Every structure is written in structure tokens, then in C-alpha cells.
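Structure file structure.cif; described as mmCIF, N, CA and C atoms.
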data_final
#
loop_
_atom_site.label_atom_id
_atom_site.label_comp_id
_atom_site.auth_asym_id
_atom_site.auth_seq_id
_atom_site.Cartn_x
_atom_site.Cartn_y
_atom_site.Cartn_z
N MET J 1 50.14 -68.11 94.91
CA MET J 1 50.21 -67.14 93.84
C MET J 1 50.77 -67.78 92.56
N TRP J 2 51.85 -68.59 92.70
CA TRP J 2 52.43 -69.24 91.54
C TRP J 2 51.47 -70.24 90.92
N ARG J 3 50.71 -70.91 91.78
CA ARG J 3 49.73 -71.88 91.27
C ARG J 3 48.71 -71.19 90.38
N VAL J 4 48.23 -70.05 90.80
CA VAL J 4 47.24 -69.29 90.02
C VAL J 4 47.84 -68.89 88.68
N ALA J 5 49.10 -68.43 88.68
CA ALA J 5 49.76 -68.01 87.44
C ALA J 5 49.93 -69.20 86.49
N ILE J 6 50.34 -70.35 87.01
CA ILE J 6 50.53 -71.54 86.18
C ILE J 6 49.19 -72.00 85.61
N ILE J 7 48.16 -72.03 86.42
CA ILE J 7 46.84 -72.45 85.94
C ILE J 7 46.34 -71.49 84.87
N PHE J 8 46.55 -70.18 85.06
CA PHE J 8 46.13 -69.19 84.07
C PHE J 8 46.85 -69.42 82.74
N CYS J 9 48.17 -69.64 82.79
CA CYS J 9 48.95 -69.86 81.57
C CYS J 9 48.48 -71.11 80.84
N LEU J 10 48.25 -72.20 81.56
CA LEU J 10 47.80 -73.44 80.92
C LEU J 10 46.40 -73.29 80.33
N SER J 11 45.53 -72.55 81.00
CA SER J 11 44.17 -72.39 80.47
C SER J 11 44.16 -71.52 79.23
N THR J 12 45.06 -70.52 79.13
CA THR J 12 45.08 -69.69 77.93
C THR J 12 45.68 -70.44 76.76
N VAL J 13 46.63 -71.35 77.00
CA VAL J 13 47.18 -72.17 75.92
C VAL J 13 46.09 -73.09 75.37
N GLY J 14 45.31 -73.70 76.24
CA GLY J 14 44.21 -74.57 75.81
C GLY J 14 43.17 -73.80 75.04
N ALA J 15 42.86 -72.58 75.45
CA ALA J 15 41.86 -71.76 74.74
C ALA J 15 42.36 -71.39 73.37
N ALA J 16 43.65 -71.06 73.24
CA ALA J 16 44.20 -70.67 71.94
C ALA J 16 44.12 -71.83 70.95
N ALA J 17 44.29 -73.06 71.43
CA ALA J 17 44.22 -74.22 70.54
C ALA J 17 42.80 -74.43 70.02
N ASP J 18 41.79 -73.95 70.74
CA ASP J 18 40.40 -74.12 70.33
C ASP J 18 39.83 -72.91 69.62
N GLU J 19 40.66 -71.93 69.32
CA GLU J 19 40.18 -70.73 68.64
C GLU J 19 40.39 -70.84 67.15
N LEU J 20 39.55 -70.15 66.42
CA LEU J 20 39.67 -70.09 64.97
C LEU J 20 40.88 -69.22 64.61
N PRO J 21 41.76 -69.70 63.73
CA PRO J 21 42.90 -68.88 63.32
C PRO J 21 42.42 -67.56 62.70
N ARG J 22 43.14 -66.48 62.95
CA ARG J 22 42.74 -65.17 62.42
C ARG J 22 43.23 -64.94 61.00
N ASN J 23 44.39 -65.52 60.66
CA ASN J 23 44.96 -65.28 59.34
C ASN J 23 45.80 -66.49 58.95
N LEU J 24 45.33 -67.26 57.98
CA LEU J 24 46.00 -68.50 57.60
C LEU J 24 45.87 -68.71 56.10
N LEU J 25 46.97 -69.08 55.45
CA LEU J 25 46.98 -69.37 54.03
C LEU J 25 47.20 -70.86 53.85
N LEU J 26 46.34 -71.51 53.06
CA LEU J 26 46.37 -72.96 52.89
C LEU J 26 46.46 -73.34 51.42
N LYS J 27 47.29 -74.32 51.11
CA LYS J 27 47.36 -74.90 49.77
C LYS J 27 46.57 -76.19 49.83
N CYS J 28 45.57 -76.32 48.96
CA CYS J 28 44.67 -77.48 48.99
C CYS J 28 44.62 -78.16 47.63
N GLU J 29 44.51 -79.50 47.67
CA GLU J 29 44.37 -80.25 46.43
C GLU J 29 43.55 -81.50 46.71
N GLY J 30 42.94 -82.00 45.64
CA GLY J 30 42.13 -83.19 45.80
C GLY J 30 41.26 -83.42 44.58
N LYS J 31 40.07 -83.98 44.81
CA LYS J 31 39.13 -84.32 43.73
C LYS J 31 37.94 -83.37 43.75
N LEU J 32 37.50 -83.00 42.55
CA LEU J 32 36.34 -82.14 42.35
C LEU J 32 35.31 -82.93 41.54
N THR J 33 34.08 -82.94 42.02
CA THR J 33 32.98 -83.57 41.29
C THR J 33 31.89 -82.52 41.09
N ILE J 34 31.44 -82.39 39.86
CA ILE J 34 30.35 -81.46 39.54
C ILE J 34 29.20 -82.31 38.98
N ILE J 35 28.04 -82.20 39.60
CA ILE J 35 26.88 -82.94 39.12
C ILE J 35 25.87 -81.93 38.60
N ILE J 36 25.68 -81.96 37.31
CA ILE J 36 24.73 -81.06 36.67
C ILE J 36 23.38 -81.77 36.63
N ASN J 37 22.31 -81.04 36.84
CA ASN J 37 20.97 -81.61 36.81
C ASN J 37 20.32 -81.29 35.48
N PRO J 38 19.96 -82.23 34.67
CA PRO J 38 20.09 -83.68 34.86
C PRO J 38 21.54 -84.12 34.69
N PRO J 39 21.95 -85.17 35.44
CA PRO J 39 23.34 -85.63 35.41
C PRO J 39 23.76 -86.16 34.04
N THR J 40 25.02 -85.93 33.71
CA THR J 40 25.63 -86.50 32.51
C THR J 40 26.85 -87.29 32.96
N VAL J 41 27.32 -88.19 32.11
CA VAL J 41 28.50 -89.00 32.45
C VAL J 41 29.69 -88.08 32.72
N GLU J 42 29.85 -87.06 31.88
CA GLU J 42 30.97 -86.13 32.05
C GLU J 42 30.88 -85.40 33.38
N SER J 43 29.66 -85.03 33.78
CA SER J 43 29.53 -84.27 35.02
C SER J 43 29.79 -85.14 36.25
N LEU J 44 29.66 -86.45 36.13
CA LEU J 44 29.88 -87.34 37.28
C LEU J 44 31.33 -87.77 37.42
N THR J 45 32.19 -87.45 36.44
CA THR J 45 33.58 -87.87 36.45
C THR J 45 34.41 -86.90 37.29
N PRO J 46 34.97 -87.38 38.42
CA PRO J 46 35.80 -86.49 39.24
C PRO J 46 37.05 -86.04 38.49
N ARG J 47 37.50 -84.83 38.79
CA ARG J 47 38.75 -84.31 38.25
C ARG J 47 39.55 -83.71 39.39
N ASN J 48 40.79 -83.43 39.16
CA ASN J 48 41.64 -82.87 40.20
C ASN J 48 41.41 -81.37 40.36
N PHE J 49 41.62 -80.89 41.58
CA PHE J 49 41.64 -79.45 41.81
C PHE J 49 42.88 -79.11 42.64
N ASP J 50 43.33 -77.89 42.52
CA ASP J 50 44.50 -77.37 43.23
C ASP J 50 44.23 -75.89 43.45
N THR J 51 44.14 -75.47 44.70
CA THR J 51 43.80 -74.08 44.97
C THR J 51 44.47 -73.58 46.25
N THR J 52 44.42 -72.30 46.45
CA THR J 52 44.91 -71.68 47.68
C THR J 52 43.72 -71.04 48.39
N LEU J 53 43.59 -71.34 49.67
CA LEU J 53 42.52 -70.78 50.50
C LEU J 53 43.13 -69.84 51.53
N SER J 54 42.39 -68.78 51.80
CA SER J 54 42.80 -67.84 52.85
C SER J 54 41.71 -67.81 53.91
N LEU J 55 42.09 -68.15 55.14
CA LEU J 55 41.17 -68.07 56.26
C LEU J 55 41.55 -66.82 57.05
N ARG J 56 40.72 -65.81 56.96
CA ARG J 56 41.03 -64.53 57.60
C ARG J 56 39.76 -63.94 58.20
N ASP J 57 39.84 -63.62 59.47
CA ASP J 57 38.74 -62.95 60.17
C ASP J 57 37.40 -63.63 59.97
N GLY J 58 37.38 -64.96 60.05
CA GLY J 58 36.13 -65.71 59.98
C GLY J 58 35.60 -65.95 58.58
N GLU J 59 36.39 -65.66 57.54
CA GLU J 59 35.99 -65.92 56.16
C GLU J 59 37.00 -66.84 55.50
N LEU J 60 36.50 -67.82 54.74
CA LEU J 60 37.35 -68.73 53.98
C LEU J 60 37.20 -68.34 52.52
N THR J 61 38.29 -67.84 51.94
CA THR J 61 38.27 -67.31 50.57
C THR J 61 39.12 -68.18 49.67
N ASP J 62 38.56 -68.56 48.53
CA ASP J 62 39.32 -69.25 47.50
C ASP J 62 39.98 -68.15 46.67
N THR J 63 41.31 -68.08 46.69
CA THR J 63 42.01 -66.98 46.02
C THR J 63 41.88 -67.05 44.50
N GLY J 64 41.39 -68.17 43.97
CA GLY J 64 41.25 -68.32 42.52
C GLY J 64 39.83 -68.08 42.02
N SER J 65 38.88 -67.82 42.92
CA SER J 65 37.49 -67.63 42.50
C SER J 65 36.75 -66.74 43.47
N ALA J 66 36.04 -65.79 42.93
CA ALA J 66 35.22 -64.90 43.77
C ALA J 66 33.89 -65.56 44.13
N PHE J 67 33.59 -66.73 43.57
CA PHE J 67 32.28 -67.35 43.76
C PHE J 67 32.30 -68.54 44.72
N LEU J 68 33.46 -68.92 45.25
CA LEU J 68 33.56 -70.11 46.10
C LEU J 68 33.97 -69.74 47.52
N ASN J 69 33.49 -68.62 48.02
CA ASN J 69 33.88 -68.13 49.33
C ASN J 69 32.78 -68.36 50.36
N THR J 70 33.21 -68.70 51.57
CA THR J 70 32.27 -68.92 52.66
C THR J 70 32.66 -68.05 53.86
N GLY J 71 31.71 -67.77 54.70
CA GLY J 71 31.96 -66.94 55.89
C GLY J 71 31.38 -67.62 57.11
N ASN J 72 31.16 -66.83 58.15
CA ASN J 72 30.60 -67.35 59.40
C ASN J 72 31.37 -68.55 59.91
N CYS J 73 32.69 -68.55 59.75
CA CYS J 73 33.51 -69.70 60.14
C CYS J 73 33.59 -69.82 61.66
N GLU J 74 33.48 -71.05 62.11
CA GLU J 74 33.58 -71.38 63.53
C GLU J 74 34.41 -72.65 63.67
N LEU J 75 35.05 -72.80 64.82
CA LEU J 75 35.75 -74.03 65.12
C LEU J 75 34.84 -74.89 65.99
N LYS J 76 34.44 -76.06 65.45
CA LYS J 76 33.54 -76.97 66.16
C LYS J 76 34.18 -78.35 66.24
N ASN J 77 34.51 -78.78 67.45
CA ASN J 77 35.09 -80.11 67.66
C ASN J 77 36.31 -80.36 66.77
N GLY J 78 37.16 -79.36 66.64
CA GLY J 78 38.39 -79.51 65.87
C GLY J 78 38.22 -79.34 64.37
N VAL J 79 37.05 -78.92 63.92
CA VAL J 79 36.79 -78.72 62.50
C VAL J 79 36.36 -77.28 62.26
N VAL J 80 37.02 -76.62 61.28
CA VAL J 80 36.59 -75.28 60.88
C VAL J 80 35.38 -75.48 59.97
N VAL J 81 34.25 -74.90 60.37
CA VAL J 81 32.99 -75.03 59.63
C VAL J 81 32.59 -73.64 59.17
N CYS J 82 32.38 -73.49 57.85
CA CYS J 82 32.00 -72.20 57.27
C CYS J 82 30.78 -72.39 56.38
N SER J 83 30.02 -71.32 56.19
CA SER J 83 28.83 -71.42 55.34
C SER J 83 28.69 -70.14 54.51
N GLY J 84 27.87 -70.23 53.50
CA GLY J 84 27.62 -69.06 52.67
C GLY J 84 26.38 -69.24 51.83
N LYS J 85 25.73 -68.13 51.54
CA LYS J 85 24.58 -68.11 50.64
C LYS J 85 24.73 -66.89 49.75
N ALA J 86 24.32 -67.04 48.50
CA ALA J 86 24.40 -65.91 47.57
C ALA J 86 23.34 -66.08 46.49
N VAL J 87 22.90 -64.95 45.94
CA VAL J 87 21.98 -64.93 44.80
C VAL J 87 22.61 -64.04 43.74
N TYR J 88 22.70 -64.57 42.51
CA TYR J 88 23.29 -63.83 41.41
C TYR J 88 22.25 -63.64 40.32
N ALA J 89 22.10 -62.42 39.86
CA ALA J 89 21.20 -62.14 38.74
C ALA J 89 21.86 -62.62 37.46
N SER J 90 21.07 -63.16 36.54
CA SER J 90 21.58 -63.64 35.27
C SER J 90 21.96 -62.45 34.38
N THR J 91 23.03 -62.64 33.62
CA THR J 91 23.42 -61.63 32.63
C THR J 91 22.86 -61.98 31.26
N VAL J 92 22.19 -63.13 31.16
CA VAL J 92 21.65 -63.61 29.89
C VAL J 92 20.15 -63.36 29.77
N ASP J 93 19.42 -63.54 30.86
CA ASP J 93 17.97 -63.38 30.83
C ASP J 93 17.50 -62.72 32.12
N SER J 94 16.22 -62.81 32.40
CA SER J 94 15.69 -62.15 33.61
C SER J 94 15.70 -63.08 34.82
N GLY J 95 16.43 -64.17 34.75
CA GLY J 95 16.48 -65.14 35.84
C GLY J 95 17.56 -64.83 36.86
N SER J 96 17.76 -65.80 37.77
CA SER J 96 18.78 -65.68 38.80
C SER J 96 19.22 -67.07 39.24
N GLU J 97 20.28 -67.09 40.04
CA GLU J 97 20.81 -68.34 40.57
C GLU J 97 21.04 -68.17 42.07
N SER J 98 20.63 -69.18 42.83
CA SER J 98 20.85 -69.20 44.27
C SER J 98 21.94 -70.22 44.56
N ARG J 99 22.87 -69.85 45.47
CA ARG J 99 23.94 -70.77 45.86
C ARG J 99 23.97 -70.92 47.37
N VAL J 100 24.09 -72.17 47.82
CA VAL J 100 24.25 -72.49 49.24
C VAL J 100 25.55 -73.27 49.33
N MET J 101 26.46 -72.82 50.23
CA MET J 101 27.79 -73.42 50.33
C MET J 101 28.14 -73.77 51.77
N LYS J 102 28.94 -74.83 51.92
CA LYS J 102 29.49 -75.25 53.22
C LYS J 102 30.93 -75.68 53.00
N SER J 103 31.81 -75.28 53.92
CA SER J 103 33.21 -75.68 53.90
C SER J 103 33.58 -76.31 55.23
N TYR J 104 34.44 -77.32 55.17
CA TYR J 104 34.91 -78.00 56.37
C TYR J 104 36.40 -78.26 56.23
N ILE J 105 37.18 -77.90 57.25
CA ILE J 105 38.61 -78.23 57.28
C ILE J 105 38.91 -78.82 58.65
N ASN J 106 39.39 -80.06 58.66
CA ASN J 106 39.74 -80.72 59.91
C ASN J 106 41.08 -80.18 60.39
N ARG J 107 41.09 -79.64 61.57
CA ARG J 107 42.27 -78.99 62.13
C ARG J 107 43.44 -79.95 62.30
N GLU J 108 43.15 -81.19 62.66
CA GLU J 108 44.20 -82.16 62.94
C GLU J 108 44.76 -82.80 61.66
N THR J 109 43.91 -83.15 60.72
CA THR J 109 44.34 -83.89 59.53
C THR J 109 44.50 -83.03 58.28
N GLY J 110 43.88 -81.84 58.27
CA GLY J 110 43.91 -80.99 57.08
C GLY J 110 42.89 -81.40 56.03
N GLU J 111 42.04 -82.40 56.34
CA GLU J 111 41.02 -82.84 55.37
C GLU J 111 40.08 -81.69 55.06
N TYR J 112 39.83 -81.47 53.77
CA TYR J 112 39.02 -80.34 53.29
C TYR J 112 37.83 -80.86 52.49
N ASN J 113 36.66 -80.36 52.81
CA ASN J 113 35.44 -80.67 52.06
C ASN J 113 34.70 -79.38 51.80
N PHE J 114 34.25 -79.21 50.56
CA PHE J 114 33.49 -78.03 50.16
C PHE J 114 32.29 -78.52 49.37
N PHE J 115 31.11 -78.02 49.72
CA PHE J 115 29.88 -78.39 49.02
C PHE J 115 29.16 -77.13 48.59
N MET J 116 28.72 -77.10 47.35
CA MET J 116 27.91 -75.98 46.86
C MET J 116 26.75 -76.56 46.04
N GLU J 117 25.58 -76.04 46.29
CA GLU J 117 24.41 -76.43 45.50
C GLU J 117 23.81 -75.17 44.90
N THR J 118 23.61 -75.20 43.59
CA THR J 118 23.00 -74.06 42.92
C THR J 118 21.62 -74.44 42.42
N THR J 119 20.74 -73.46 42.40
CA THR J 119 19.39 -73.64 41.86
C THR J 119 19.10 -72.45 40.96
N ARG J 120 18.60 -72.72 39.78
CA ARG J 120 18.26 -71.67 38.81
C ARG J 120 16.80 -71.30 38.99
N TYR J 121 16.51 -69.99 38.93
CA TYR J 121 15.15 -69.47 39.05
C TYR J 121 14.81 -68.62 37.83
N ALA J 122 13.52 -68.59 37.48
CA ALA J 122 13.06 -67.81 36.32
C ALA J 122 13.08 -66.31 36.62
N GLY J 123 12.90 -65.93 37.88
CA GLY J 123 12.85 -64.51 38.24
C GLY J 123 14.08 -64.03 38.98
N ARG J 124 14.15 -62.73 39.17
CA ARG J 124 15.25 -62.12 39.92
C ARG J 124 15.16 -62.48 41.39
N ASN J 125 16.28 -62.38 42.09
CA ASN J 125 16.35 -62.59 43.54
C ASN J 125 15.81 -63.95 43.98
N ALA J 126 16.12 -64.99 43.20
CA ALA J 126 15.73 -66.37 43.52
C ALA J 126 14.22 -66.51 43.69
N THR J 127 13.47 -65.96 42.74
CA THR J 127 12.01 -66.07 42.75
C THR J 127 11.55 -66.71 41.44
N GLY J 128 10.32 -67.13 41.42
CA GLY J 128 9.76 -67.72 40.21
C GLY J 128 10.03 -69.21 40.15
N LYS J 129 9.78 -69.75 38.97
CA LYS J 129 9.91 -71.19 38.77
C LYS J 129 11.37 -71.64 38.87
N LYS J 130 11.58 -72.77 39.62
CA LYS J 130 12.91 -73.37 39.72
C LYS J 130 13.17 -74.23 38.49
N SER J 131 14.42 -74.26 38.07
CA SER J 131 14.78 -75.16 36.98
C SER J 131 16.10 -75.85 37.33
N GLU J 132 16.92 -76.09 36.33
CA GLU J 132 18.13 -76.89 36.56
C GLU J 132 19.00 -76.34 37.68
N GLY J 133 19.89 -77.18 38.13
CA GLY J 133 20.82 -76.80 39.18
C GLY J 133 22.11 -77.59 39.04
N MET J 134 22.95 -77.44 40.04
CA MET J 134 24.24 -78.10 40.00
C MET J 134 24.72 -78.35 41.43
N LYS J 135 25.46 -79.44 41.61
CA LYS J 135 26.14 -79.71 42.88
C LYS J 135 27.63 -79.75 42.59
N TYR J 136 28.40 -79.06 43.42
CA TYR J 136 29.83 -78.91 43.23
C TYR J 136 30.48 -79.37 44.52
N MET J 137 31.33 -80.40 44.45
CA MET J 137 31.91 -80.98 45.66
C MET J 137 33.42 -81.12 45.51
N ARG J 138 34.15 -80.62 46.51
CA ARG J 138 35.59 -80.80 46.59
C ARG J 138 35.92 -81.63 47.82
N ASN J 139 36.81 -82.60 47.65
CA ASN J 139 37.31 -83.40 48.77
C ASN J 139 38.81 -83.48 48.60
N GLY J 140 39.55 -83.08 49.64
CA GLY J 140 41.00 -83.11 49.52
C GLY J 140 41.70 -82.86 50.84
N ILE J 141 42.95 -82.42 50.71
CA ILE J 141 43.81 -82.14 51.86
C ILE J 141 44.38 -80.74 51.71
N CYS J 142 44.45 -80.02 52.83
CA CYS J 142 45.06 -78.70 52.86
C CYS J 142 46.27 -78.73 53.78
N ARG J 143 47.27 -77.94 53.41
CA ARG J 143 48.43 -77.78 54.28
C ARG J 143 48.73 -76.28 54.36
N SER J 144 49.23 -75.87 55.48
CA SER J 144 49.54 -74.47 55.70
C SER J 144 50.73 -74.05 54.86
N ILE J 145 50.64 -72.88 54.24
CA ILE J 145 51.80 -72.34 53.53
C ILE J 145 52.19 -70.98 54.13
N SER J 146 51.57 -70.63 55.26
CA SER J 146 51.89 -69.36 55.89
C SER J 146 52.49 -69.53 57.27
N LYS J 147 51.95 -70.40 58.07
CA LYS J 147 52.43 -70.70 59.41
C LYS J 147 51.80 -72.03 59.82
N PRO J 148 52.12 -72.57 60.96
CA PRO J 148 51.56 -73.90 61.30
C PRO J 148 50.04 -73.94 61.18
N VAL J 149 49.52 -75.05 60.63
CA VAL J 149 48.09 -75.21 60.49
C VAL J 149 47.46 -75.21 61.86
N PHE J 150 46.66 -74.23 62.15
CA PHE J 150 45.92 -74.08 63.40
C PHE J 150 46.87 -74.10 64.55
#
Take the structure in the file and write it out as C-alpha cells.
Amino acid sequence: MWRVAIIFCLSTVGAAADELPRNLLLKCEGKLTIIINPPTVESLTPRNFDTTLSLRDGELTDTGSAFLNTGNCELKNGVVVCSGKAVYASTVDSGSESRVMKSYINRETGEYNFFMETTRYAGRNATGKKSEGMKYMRNGICRSISKPVF
């Protein structure tokens, strides 16, 4: 009977270590590179970023921007992997912009990578002729500011 109880306790501890955190606040900093199409020297020059991320209920939210959020977060081989897609109608013309995003946070090291690619379309809802776009990349380190990281 005791053996069963000990095995059960050890197996639940191992499972908890492999689960996605439900509510975690992270302070992240590193380098940001924005590549505008066509590329310019200014757009290729990395700059620093400093932000706070909230991982809650499978969504990774940048508390400083409503446009840099990803969902569908899963823990895969010790890495939190999140993705997102969005289409925004232009406020300037009849066009739109499509965004595809991916976020990665290494559970052990805190290494953070965020990738976003935007594509501009002539029509609404990402339809019509494609034109310029942008790639937005963050590489840095995150540390927990709410409780232990993972």
C-alpha cells in the first residue's frame, strides 16, 4: 500500500514539472530586430527591448502591447511554444494586414524568442494583392517576477 502511495506521489510531481504554468509573470529583455521589406540599414540594426509577459491559461500576453500576443501555448520538450494569427483592417485605406506569430520560452534557461511576420494586402481580410511586409524578432532572457519560473 505504501509503495503505491509513494509511486503515485512521485508520478504527480513529475507530471507537474511537465505542465504548462497556469499563471506566471515574466520580466524579459534582450535584442529586437525589425526587418522592413524592402530592408533598410536602420531596420536591420538591433535595438534593446524590455517588457513584461504574462502566461495565463495558455496565452502569452505582452503587457505593453495588444498586438504581440500569442495563444495555443504548449510545453514541448521543456520549451513553452505559443502561436498566433491575426488580420487587421487598415484605418488608412481599404487594405489589411496579416500577422503570423510564434513565441518560445525555454523552461530551464529562460531564453525567449518571438517571431512575427506581417504581410500587407490591398483588400480586406487579407485578400487581394500582397505588398510590403515586416519581420519582427525578439531574442532575450526572461525571469519570473511572480513565482519560480515553471
Result set of the PyMOL selection byres (((chain J and resi 108 and name CA) around 10) and name CA) on the coordinates above, as an mmCIF file with N, CA and C atoms, in the frame of the given file:
data_model
loop_
_atom_site.group_PDB
_atom_site.id
_atom_site.type_symbol
_atom_site.label_atom_id
_atom_site.label_comp_id
_atom_site.auth_asym_id
_atom_site.auth_seq_id
_atom_site.Cartn_x
_atom_site.Cartn_y
_atom_site.Cartn_z
ATOM 1 N N GLY J 78 37.160 -79.360 66.640
ATOM 2 C CA GLY J 78 38.390 -79.510 65.870
ATOM 3 C C GLY J 78 38.220 -79.340 64.370
ATOM 4 N N VAL J 79 37.050 -78.920 63.920
ATOM 5 C CA VAL J 79 36.790 -78.720 62.500
ATOM 6 C C VAL J 79 36.360 -77.280 62.260
ATOM 7 N N ILE J 105 37.180 -77.900 57.250
ATOM 8 C CA ILE J 105 38.610 -78.230 57.280
ATOM 9 C C ILE J 105 38.910 -78.820 58.650
ATOM 10 N N ASN J 106 39.390 -80.060 58.660
ATOM 11 C CA ASN J 106 39.740 -80.720 59.910
ATOM 12 C C ASN J 106 41.080 -80.180 60.390
ATOM 13 N N ARG J 107 41.090 -79.640 61.570
ATOM 14 C CA ARG J 107 42.270 -78.990 62.130
ATOM 15 C C ARG J 107 43.440 -79.950 62.300
ATOM 16 N N THR J 109 43.910 -83.150 60.720
ATOM 17 C CA THR J 109 44.340 -83.890 59.530
ATOM 18 C C THR J 109 44.500 -83.030 58.280
ATOM 19 N N GLY J 110 43.880 -81.840 58.270
ATOM 20 C CA GLY J 110 43.910 -80.990 57.080
ATOM 21 C C GLY J 110 42.890 -81.400 56.030
ATOM 22 N N GLU J 111 42.040 -82.400 56.340
ATOM 23 C CA GLU J 111 41.020 -82.840 55.370
ATOM 24 C C GLU J 111 40.080 -81.690 55.060
ATOM 25 N N VAL J 149 49.520 -75.050 60.630
ATOM 26 C CA VAL J 149 48.090 -75.210 60.490
ATOM 27 C C VAL J 149 47.460 -75.210 61.860
ATOM 28 N N PHE J 150 46.660 -74.230 62.150
ATOM 29 C CA PHE J 150 45.920 -74.080 63.400
ATOM 30 C C PHE J 150 46.870 -74.100 64.550
#
Could you write out as a ChimeraX atom specification the residues that the PyMOL selection byres ((chain J and resi 57-71) around 8) matches in the shown file? /J:20-24,51-56,72-74,81-85,101-103
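Taking atom CA of J:Val100 and atom CA of J:Thr127 as endpoints, the distance between them is 15.3 Å.
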For J:Ile145, the nearest of the candidates J:Lys27, J:Ser131, J:Val87, J:Asn77, counting only N, CA and C atoms: J:Lys27
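With distances restricted to only C-alpha atoms, J:Ser96 is the closest residue to J:Glu132 from J:Ser96, J:Asn113, J:Ser146, J:Thr91.
Residue nearest J:Ala126 within the list J:Asp50, J:Glu97, J:Glu19, J:Glu29: J:Glu97 [criterion: smallest interatomic distance, only C-alpha atoms].
Atom CA of J:Lys31 is found 6.2 Å from atom CA of J:Gly140.
The gap separating atom C of J:Ser94 from atom CA of J:Gly123 is 4.7 Å, in Å to one decimal.
Every residue of chain J found in helix (DSSP H, G or I) when DSSP is run on the backbone appears here: Trp2, Arg3, Val4, Ala5, Ile6, Ile7, Phe8, Cys9, Leu10, Ser11, Thr12, Val13, Gly14, Ala15, Ala16, Ala17, Val41, Glu42, Ser43 and Leu44 of chain J.
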Translate the PyMOL selection byres ((chain J and resi 117) around 8), as applied to the file shown, into an explicit residue set as a PyMOL selection string. chain J and resi 98-102+114-116+118-120+133-137
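Closest approach to J:Gly95 among J:Val80, J:Cys28, J:Ala122, J:Ile34 is made by J:Ala122 (distances from only N, CA and C atoms).
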All strand (DSSP E) positions in chain J, as a ChimeraX atom specification: /J:23-36,47-56,59-62,71-76,79-89,96-106,111-123,127-144
